[in-house]
Amino acid sequence: MWRMHTIMTVNTNTYNKSLRLFDLTTYGLNFMIPLAPAIVYGAIAHITKSSVSIPYMIGIIGMFFTVYSFIFMSKRIASSGSVFTYVSKTLGKHLGWFAGWLMIIDYLLSPAITTSSASSYIQQYFPHANFTLLVILLFAITTTIAAVGIKLVSKLGLVMFLAGEAVAILAMFVWGNIAIQNGSGL
């Protein structure tokens, strides 16, 4: 406990905090493929017998503690902001190494699952679309966003977010209108 307290009170390294909360939020919303929530929604709805709000509320509580922990740690260990650094400095190098590899696995698997699921959803609406090409296209888009850099993307974040929302709202109206005209709507 003494070791953790000593590390937690020493702040010798700092990093440039160039982004605001709004910038980080829009970057997160843009970087995540807009279809990502739909990927887990169906599975959660089935498991919880359509009580989807309960798992999301539990998730929000967990995310709150994660964000609070990062805020706490970034004030005390301002060298990088990574899970690897925080765990290494507080719990030891071995657990830090393990946590770092878990994050790498998460960074690889999450986009892969999201991209393949999003491609599958797109293919339901456009059956002649090639699944492999859709995966490559979505992967290229998210990789480009990451490669461009967070500062530039954060400047374009609001525009990209609003454009995506406008497309989604327009699609809902178009598909709703088609459903009503075909007699399958309200």
# chains A, B, ... in the order shown; residues from 1 in each chain; ligands from 1
$ residues_around --residues "Val67 in chain A" --least-positions-apart "6" --cutoff "12 Å" --atoms "only C-alpha atoms" --output "PyMOL selection string"
chain A and resi 21+60-61+73-74+81+83
$ write_last_selection --atoms "all heavy atoms" --output "short mmCIF file (atom, residue, chain, number, x, y, z; two decimals), in the first residue's frame"
data_model
loop_
_atom_site.label_atom_id
_atom_site.label_comp_id
_atom_site.auth_asym_id
_atom_site.auth_seq_id
_atom_site.Cartn_x
_atom_site.Cartn_y
_atom_site.Cartn_z
N LEU A 21 -13.47 17.50 -23.63
CA LEU A 21 -14.41 16.40 -23.48
C LEU A 21 -15.28 16.26 -24.73
O LEU A 21 -15.52 15.16 -25.22
CB LEU A 21 -15.29 16.61 -22.24
CG LEU A 21 -16.39 15.58 -22.02
CD1 LEU A 21 -15.78 14.20 -21.79
CD2 LEU A 21 -17.26 15.98 -20.85
N ILE A 60 -23.61 1.38 -18.27
CA ILE A 60 -23.34 2.80 -18.01
C ILE A 60 -22.69 2.98 -16.64
O ILE A 60 -21.76 3.76 -16.48
CB ILE A 60 -24.63 3.63 -18.14
CG1 ILE A 60 -25.02 3.76 -19.61
CG2 ILE A 60 -24.47 5.02 -17.52
CD1 ILE A 60 -26.38 4.37 -19.84
N ILE A 61 -23.18 2.24 -15.65
CA ILE A 61 -22.59 2.33 -14.31
C ILE A 61 -21.13 1.87 -14.36
O ILE A 61 -20.24 2.51 -13.79
CB ILE A 61 -23.42 1.51 -13.30
CG1 ILE A 61 -24.79 2.16 -13.10
CG2 ILE A 61 -22.68 1.37 -11.96
CD1 ILE A 61 -25.79 1.28 -12.36
N MET A 73 -6.51 8.49 -12.18
CA MET A 73 -5.15 8.06 -12.50
C MET A 73 -4.42 9.09 -13.35
O MET A 73 -3.22 9.29 -13.18
CB MET A 73 -5.18 6.71 -13.21
CG MET A 73 -5.71 5.57 -12.36
SD MET A 73 -4.75 5.28 -10.89
CE MET A 73 -3.34 4.45 -11.60
N SER A 74 -5.11 9.74 -14.29
CA SER A 74 -4.44 10.70 -15.15
C SER A 74 -3.96 11.91 -14.38
O SER A 74 -2.99 12.56 -14.79
CB SER A 74 -5.34 11.13 -16.31
OG SER A 74 -6.43 11.88 -15.83
N GLY A 81 -1.54 7.88 -20.12
CA GLY A 81 -2.98 7.67 -20.12
C GLY A 81 -3.39 6.27 -20.53
O GLY A 81 -4.53 6.05 -20.90
N VAL A 83 -3.86 2.02 -19.97
CA VAL A 83 -4.11 1.02 -18.94
C VAL A 83 -2.80 0.36 -18.54
O VAL A 83 -2.55 0.11 -17.36
CB VAL A 83 -5.13 -0.03 -19.46
CG1 VAL A 83 -5.23 -1.21 -18.51
CG2 VAL A 83 -6.48 0.61 -19.66
#
$ closest_residue --among "A:Thr143, A:Met160, A:Thr132, A:Glu165" --to "Leu108 in chain A" --atoms "only C-alpha atoms"
A:Thr143
$ residues_around --residues "Trp97 in chain A" --least-positions-apart "5" --cutoff "10 Å" --atoms "only C-alpha atoms" --output "JSON, numbers by chain"
{"A": [83, 84, 85, 87, 88, 92, 102, 103]}
$ write_last_selection --atoms "all heavy atoms" --output "PDB file, in the first residue's frame"
ATOM      1  N   VAL A  83      -3.856   2.023 -19.972  1.00  0.00           N
ATOM      2  CA  VAL A  83      -4.113   1.018 -18.942  1.00  0.00           C
ATOM      3  C   VAL A  83      -2.800   0.360 -18.536  1.00  0.00           C
ATOM      4  O   VAL A  83      -2.553   0.108 -17.359  1.00  0.00           O
ATOM      5  CB  VAL A  83      -5.125  -0.030 -19.459  1.00  0.00           C
ATOM      6  CG1 VAL A  83      -5.228  -1.206 -18.512  1.00  0.00           C
ATOM      7  CG2 VAL A  83      -6.479   0.608 -19.664  1.00  0.00           C
ATOM      8  N   PHE A  84      -1.936   0.079 -19.514  1.00  0.00           N
ATOM      9  CA  PHE A  84      -0.643  -0.536 -19.231  1.00  0.00           C
ATOM     10  C   PHE A  84       0.143   0.287 -18.212  1.00  0.00           C
ATOM     11  O   PHE A  84       0.662  -0.247 -17.231  1.00  0.00           O
ATOM     12  CB  PHE A  84       0.168  -0.680 -20.527  1.00  0.00           C
ATOM     13  CG  PHE A  84       1.604  -1.017 -20.292  1.00  0.00           C
ATOM     14  CD1 PHE A  84       1.974  -2.310 -19.933  1.00  0.00           C
ATOM     15  CD2 PHE A  84       2.583  -0.050 -20.409  1.00  0.00           C
ATOM     16  CE1 PHE A  84       3.301  -2.625 -19.707  1.00  0.00           C
ATOM     17  CE2 PHE A  84       3.908  -0.355 -20.180  1.00  0.00           C
ATOM     18  CZ  PHE A  84       4.273  -1.644 -19.829  1.00  0.00           C
ATOM     19  N   THR A  85       0.230   1.591 -18.421  1.00  0.00           N
ATOM     20  CA  THR A  85       0.990   2.448 -17.515  1.00  0.00           C
ATOM     21  C   THR A  85       0.364   2.474 -16.131  1.00  0.00           C
ATOM     22  O   THR A  85       1.064   2.328 -15.122  1.00  0.00           O
ATOM     23  CB  THR A  85       1.074   3.880 -18.079  1.00  0.00           C
ATOM     24  OG1 THR A  85       1.681   3.824 -19.362  1.00  0.00           O
ATOM     25  CG2 THR A  85       1.866   4.795 -17.171  1.00  0.00           C
ATOM     26  N   VAL A  87      -1.695   0.311 -14.617  1.00  0.00           N
ATOM     27  CA  VAL A  87      -1.592  -0.969 -13.913  1.00  0.00           C
ATOM     28  C   VAL A  87      -0.145  -1.257 -13.534  1.00  0.00           C
ATOM     29  O   VAL A  87       0.135  -1.709 -12.427  1.00  0.00           O
ATOM     30  CB  VAL A  87      -2.200  -2.111 -14.763  1.00  0.00           C
ATOM     31  CG1 VAL A  87      -1.969  -3.464 -14.106  1.00  0.00           C
ATOM     32  CG2 VAL A  87      -3.691  -1.877 -14.979  1.00  0.00           C
ATOM     33  N   SER A  88       0.794  -0.978 -14.436  1.00  0.00           N
ATOM     34  CA  SER A  88       2.212  -1.214 -14.138  1.00  0.00           C
ATOM     35  C   SER A  88       2.688  -0.404 -12.949  1.00  0.00           C
ATOM     36  O   SER A  88       3.406  -0.906 -12.084  1.00  0.00           O
ATOM     37  CB  SER A  88       3.083  -0.883 -15.349  1.00  0.00           C
ATOM     38  OG  SER A  88       2.836  -1.754 -16.403  1.00  0.00           O
ATOM     39  N   GLY A  92       2.176  -3.402 -10.473  1.00  0.00           N
ATOM     40  CA  GLY A  92       3.374  -4.128 -10.864  1.00  0.00           C
ATOM     41  C   GLY A  92       3.469  -4.350 -12.363  1.00  0.00           C
ATOM     42  O   GLY A  92       2.480  -4.298 -13.089  1.00  0.00           O
ATOM     43  N   LEU A 102      -4.180  -7.482 -22.974  1.00  0.00           N
ATOM     44  CA  LEU A 102      -5.640  -7.576 -23.060  1.00  0.00           C
ATOM     45  C   LEU A 102      -6.214  -6.405 -23.852  1.00  0.00           C
ATOM     46  O   LEU A 102      -7.155  -6.574 -24.634  1.00  0.00           O
ATOM     47  CB  LEU A 102      -6.262  -7.621 -21.660  1.00  0.00           C
ATOM     48  CG  LEU A 102      -6.111  -8.926 -20.898  1.00  0.00           C
ATOM     49  CD1 LEU A 102      -6.707  -8.795 -19.498  1.00  0.00           C
ATOM     50  CD2 LEU A 102      -6.775 -10.075 -21.643  1.00  0.00           C
ATOM     51  N   MET A 103      -5.647  -5.224 -23.674  1.00  0.00           N
ATOM     52  CA  MET A 103      -6.123  -4.059 -24.429  1.00  0.00           C
ATOM     53  C   MET A 103      -5.804  -4.208 -25.918  1.00  0.00           C
ATOM     54  O   MET A 103      -6.618  -3.845 -26.771  1.00  0.00           O
ATOM     55  CB  MET A 103      -5.505  -2.763 -23.879  1.00  0.00           C
ATOM     56  CG  MET A 103      -6.019  -2.396 -22.498  1.00  0.00           C
ATOM     57  SD  MET A 103      -7.822  -2.324 -22.382  1.00  0.00           S
ATOM     58  CE  MET A 103      -8.217  -1.058 -23.541  1.00  0.00           C
TER      59      MET A 103
END
$ closest_residue --among "A:Ile141, A:Ile71, A:Leu134, A:Tyr86" --to "Ala99 in chain A" --atoms "only C-alpha atoms"
A:Tyr86
$ atom_distance --atom1 "CA of Leu156 in chain A" --atom2 "CA of Leu138 in chain A"
18.7 Å
$ atom_distance --atom1 "CA of Ser116 in chain A" --atom2 "CA of Phe139 in chain A"
9.3 Å
$ atom_distance --atom1 "CA of Ser120 in chain A" --atom2 "CA of Phe161 in chain A"
22.6 Å
